[in-house]
Structure formats: C-alpha cells, structure tokens
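Peer 1: Here it is: the structure, laid out below.
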Amino acid sequence: MSENTYEIRSTEVKSFTYKTPIIMQDEAGLHAYTSEKKTFIKKIIFLNEVCRDKSGKILSYKPLYHVNRFLIDHHVTDGKQESEQYSKALINYFSFIIALQKSWDKNKRNRDFENENQRPRWDLMNKRKSQRLTYMYREALKASALDQSQEKIARTTATAYMNAVVKFYKRIVLIIDCYLVSASLA
C-alpha cells in the first residue's frame, strides 16, 4: 500500500486591491455588487494543503479556505497591509496537525481503531483541554522554545505563533457565526 504524504505550502501574492463585495437580493435572485471600500494589500501568503505520492508527484493541491479567509479578513477588517507573521504561524500550526495525524494514522493501523472522530482535526475541539490541538501545540511550542535538544525557536516567536492561532480560532468562530446569522435571515 503506497503512503501519501501531506504538507502545508504557501502561495505569495503581492500588491493587490481587495474590493469588499456587497450581496443584495432582488426579485430575480442574488446579485453581487462590489462596494466602494477597497483595501490595499501589500503582501499576503495563502496556505495550501499538498498531497504527494511516494514518487513525489502532486495528487492534490487544496487551499485552506478558512485560514485564507482569516488572512484576508485580517487585512480588510483590521486594515493591515501585511500578514506574514500570521501566515508563518499558521503554516507551523497546520504542519504540527499533519504530524499528529500521521502519528495517529500509524498508531491506528497498529491498534485498528474504528472511531475516525479521534483523529486530530483543526475544526474539532476535544472535550478534554489537554487533548485539544491548541493545548498540544502550546506545549510543543513551549518545549521548542525551552528545550535544547529540539529545534529551538525564540520565545517571542513561540508567543507570536500561539497568539496567531488563538486569533485565528476567535476570528473564524466570529466569521462562521456571522455567516450563519446572515443565512438564517435570508
């Protein structure tokens, strides 16, 4: 059985103007109009999940929609021109999740689990705090910043990465809530 590998890759886009869409409904259905509000984005780094086979051939190249939406929202809502630190942090975080999934898949084969819900996913929070990805990531960052035997990162970088992950989850919950409210009003 061939084993596919996954990784997080980035796509950089420089100097563009984002026009916030306004969606209005009339008798004929939905029509999208762009607003007068334009946001200049100096540089944005989008994240993608890449799947490769054993030979290295790319099988899929999928954008991480919620992450990329968060990055755009950071520019549009907060009025920021750059988001490189957030992109780096989220590349690190989602790479951490892929490593956990790989470990889980390996252990699953050995123990023959049937419950797919136990597999680490960014969009599911475990009831036990110690088993939540954010808490595991925090511990991994802390170990990386303090322990000499691992790949060391600066404490300030570890703090910035964790803050970016927390902001991502807070913002994504807000975006999803706003979407659900607007969908229920339609």
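By convention in this document, the chains of the structure tokens carry letters A, B, ... by their order, each chain's residues are numbered from 1, and ligands are numbered from 1 in the order they are shown.
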Residues within 12 Å of A:Ala164, please, as a PyMOL selection string. Count only C-alpha atoms; anything in the same chain fewer than 5 positions from it doesn't count.
Peer 2: chain A and resi 67+70-71+74+83-93+134+138+157-159+169-172
Peer 1: What parts of stretch 5-137 of chain A does DSSP call alpha helix (DSSP H)? I'd like the answer as an MDAnalysis selection string.
Peer 2: chainID A and resid 65:78 84:111 133:137
Peer 1: If we count only C-alpha atoms and set the cut-off at 9 Å, which residues sit around A:Phe40, ignoring sequence neighbours fewer than 3 positions away in its own chain? Please answer as a PDB file with all heavy atoms, in the first residue's frame.
Peer 2:
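The new file part_0.pdb reads:
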```pdb
ATOM      1  N   SER A  15       0.966  43.014  -3.741  1.00  0.00           N
ATOM      2  CA  SER A  15       0.359  44.260  -4.223  1.00  0.00           C
ATOM      3  C   SER A  15      -0.931  44.083  -5.017  1.00  0.00           C
ATOM      4  O   SER A  15      -0.920  44.039  -6.237  1.00  0.00           O
ATOM      5  CB  SER A  15       1.368  45.044  -5.072  1.00  0.00           C
ATOM      6  OG  SER A  15       2.488  45.364  -4.302  1.00  0.00           O
ATOM      7  N   PHE A  16      -2.009  43.981  -4.292  1.00  0.00           N
ATOM      8  CA  PHE A  16      -3.303  43.964  -4.970  1.00  0.00           C
ATOM      9  C   PHE A  16      -4.337  44.685  -4.112  1.00  0.00           C
ATOM     10  O   PHE A  16      -4.130  44.926  -2.933  1.00  0.00           O
ATOM     11  CB  PHE A  16      -3.750  42.540  -5.319  1.00  0.00           C
ATOM     12  CG  PHE A  16      -4.181  41.702  -4.147  1.00  0.00           C
ATOM     13  CD1 PHE A  16      -5.524  41.580  -3.821  1.00  0.00           C
ATOM     14  CD2 PHE A  16      -3.259  41.014  -3.385  1.00  0.00           C
ATOM     15  CE1 PHE A  16      -5.928  40.800  -2.755  1.00  0.00           C
ATOM     16  CE2 PHE A  16      -3.640  40.230  -2.327  1.00  0.00           C
ATOM     17  CZ  PHE A  16      -4.992  40.128  -2.006  1.00  0.00           C
ATOM     18  N   THR A  17      -5.438  45.032  -4.730  1.00  0.00           N
ATOM     19  CA  THR A  17      -6.519  45.724  -4.042  1.00  0.00           C
ATOM     20  C   THR A  17      -7.711  44.787  -3.939  1.00  0.00           C
ATOM     21  O   THR A  17      -8.166  44.232  -4.938  1.00  0.00           O
ATOM     22  CB  THR A  17      -6.924  47.002  -4.809  1.00  0.00           C
ATOM     23  OG1 THR A  17      -5.769  47.837  -4.921  1.00  0.00           O
ATOM     24  CG2 THR A  17      -8.014  47.756  -4.076  1.00  0.00           C
ATOM     25  N   TYR A  18      -8.181  44.619  -2.711  1.00  0.00           N
ATOM     26  CA  TYR A  18      -9.341  43.771  -2.457  1.00  0.00           C
ATOM     27  C   TYR A  18     -10.567  44.663  -2.374  1.00  0.00           C
ATOM     28  O   TYR A  18     -10.584  45.640  -1.629  1.00  0.00           O
ATOM     29  CB  TYR A  18      -9.155  43.000  -1.146  1.00  0.00           C
ATOM     30  CG  TYR A  18     -10.337  42.141  -0.774  1.00  0.00           C
ATOM     31  CD1 TYR A  18     -10.495  40.875  -1.314  1.00  0.00           C
ATOM     32  CD2 TYR A  18     -11.302  42.604   0.122  1.00  0.00           C
ATOM     33  CE1 TYR A  18     -11.579  40.086  -0.974  1.00  0.00           C
ATOM     34  CE2 TYR A  18     -12.384  41.815   0.467  1.00  0.00           C
ATOM     35  CZ  TYR A  18     -12.515  40.563  -0.083  1.00  0.00           C
ATOM     36  OH  TYR A  18     -13.590  39.781   0.258  1.00  0.00           O
ATOM     37  N   LYS A  19     -11.589  44.329  -3.144  1.00  0.00           N
ATOM     38  CA  LYS A  19     -12.848  45.070  -3.108  1.00  0.00           C
ATOM     39  C   LYS A  19     -13.866  44.231  -2.350  1.00  0.00           C
ATOM     40  O   LYS A  19     -14.176  43.115  -2.758  1.00  0.00           O
ATOM     41  CB  LYS A  19     -13.346  45.354  -4.522  1.00  0.00           C
ATOM     42  CG  LYS A  19     -12.432  46.247  -5.322  1.00  0.00           C
ATOM     43  CD  LYS A  19     -12.973  46.447  -6.723  1.00  0.00           C
ATOM     44  CE  LYS A  19     -12.001  47.249  -7.560  1.00  0.00           C
ATOM     45  NZ  LYS A  19     -12.463  47.383  -8.947  1.00  0.00           N
ATOM     46  N   HIS A  75      -6.653  41.653   6.883  1.00  0.00           N
ATOM     47  CA  HIS A  75      -6.350  42.849   6.091  1.00  0.00           C
ATOM     48  C   HIS A  75      -7.557  43.778   6.003  1.00  0.00           C
ATOM     49  O   HIS A  75      -7.440  44.979   6.226  1.00  0.00           O
ATOM     50  CB  HIS A  75      -5.906  42.457   4.677  1.00  0.00           C
ATOM     51  CG  HIS A  75      -4.569  41.806   4.624  1.00  0.00           C
ATOM     52  ND1 HIS A  75      -3.397  42.522   4.645  1.00  0.00           N
ATOM     53  CD2 HIS A  75      -4.210  40.509   4.567  1.00  0.00           C
ATOM     54  CE1 HIS A  75      -2.362  41.686   4.593  1.00  0.00           C
ATOM     55  NE2 HIS A  75      -2.838  40.462   4.543  1.00  0.00           N
ATOM     56  N   VAL A  76      -8.704  43.213   5.661  1.00  0.00           N
ATOM     57  CA  VAL A  76      -9.895  44.023   5.398  1.00  0.00           C
ATOM     58  C   VAL A  76     -10.456  44.627   6.690  1.00  0.00           C
ATOM     59  O   VAL A  76     -10.729  45.827   6.760  1.00  0.00           O
ATOM     60  CB  VAL A  76     -10.969  43.192   4.664  1.00  0.00           C
ATOM     61  CG1 VAL A  76     -12.265  43.962   4.527  1.00  0.00           C
ATOM     62  CG2 VAL A  76     -10.441  42.770   3.299  1.00  0.00           C
ATOM     63  N   GLY A  79      -7.467  46.470   8.697  1.00  0.00           N
ATOM     64  CA  GLY A  79      -6.783  47.481   7.899  1.00  0.00           C
ATOM     65  C   GLY A  79      -5.279  47.283   7.802  1.00  0.00           C
ATOM     66  O   GLY A  79      -4.529  48.234   7.597  1.00  0.00           O
ATOM     67  N   LYS A  80      -4.815  46.058   7.913  1.00  0.00           N
ATOM     68  CA  LYS A  80      -3.377  45.767   7.851  1.00  0.00           C
ATOM     69  C   LYS A  80      -2.943  45.522   6.410  1.00  0.00           C
ATOM     70  O   LYS A  80      -3.699  45.000   5.609  1.00  0.00           O
ATOM     71  CB  LYS A  80      -3.040  44.537   8.693  1.00  0.00           C
ATOM     72  CG  LYS A  80      -3.490  44.625  10.135  1.00  0.00           C
ATOM     73  CD  LYS A  80      -2.736  45.685  10.891  1.00  0.00           C
ATOM     74  CE  LYS A  80      -3.159  45.685  12.357  1.00  0.00           C
ATOM     75  NZ  LYS A  80      -2.547  46.731  13.117  1.00  0.00           N
ATOM     76  N   GLN A  81      -1.716  45.886   6.104  1.00  0.00           N
ATOM     77  CA  GLN A  81      -1.191  45.670   4.763  1.00  0.00           C
ATOM     78  C   GLN A  81      -0.418  44.363   4.648  1.00  0.00           C
ATOM     79  O   GLN A  81      -0.219  43.855   3.560  1.00  0.00           O
ATOM     80  CB  GLN A  81      -0.308  46.841   4.335  1.00  0.00           C
ATOM     81  CG  GLN A  81      -1.090  48.094   4.059  1.00  0.00           C
ATOM     82  CD  GLN A  81      -0.210  49.186   3.465  1.00  0.00           C
ATOM     83  OE1 GLN A  81       0.948  48.973   3.151  1.00  0.00           O
ATOM     84  NE2 GLN A  81      -0.785  50.369   3.318  1.00  0.00           N
TER      85      GLN A  81
END
```
Peer 1: Hey, what's within 9 Å of A:Leu133 if we count only C-alpha atoms and toss same-chain stuff fewer than 6 positions away? As a list in words, please?
Peer 2: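 Close residues of A:Leu133: Ile97, Pro120, Arg121, Trp122, Leu124, Met125 and Asn126 of chain A.
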Peer 1: For atom CA of A:His66 and atom CA of A:Lys54, determine how far apart the two atoms are, in Å to one decimal place.
Peer 2: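 Atom CA of A:His66 sits 28.2 Å away from atom CA of A:Lys54.
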Peer 1: My list of candidates is A:Asn68, A:Pro21, A:Tyr161, A:Val13. Which is closest to A:Ile44 when distances are computed with only C-alpha atoms?
Peer 2: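 Checking each candidate against A:Ile44, we get A:Val13 as the closest.
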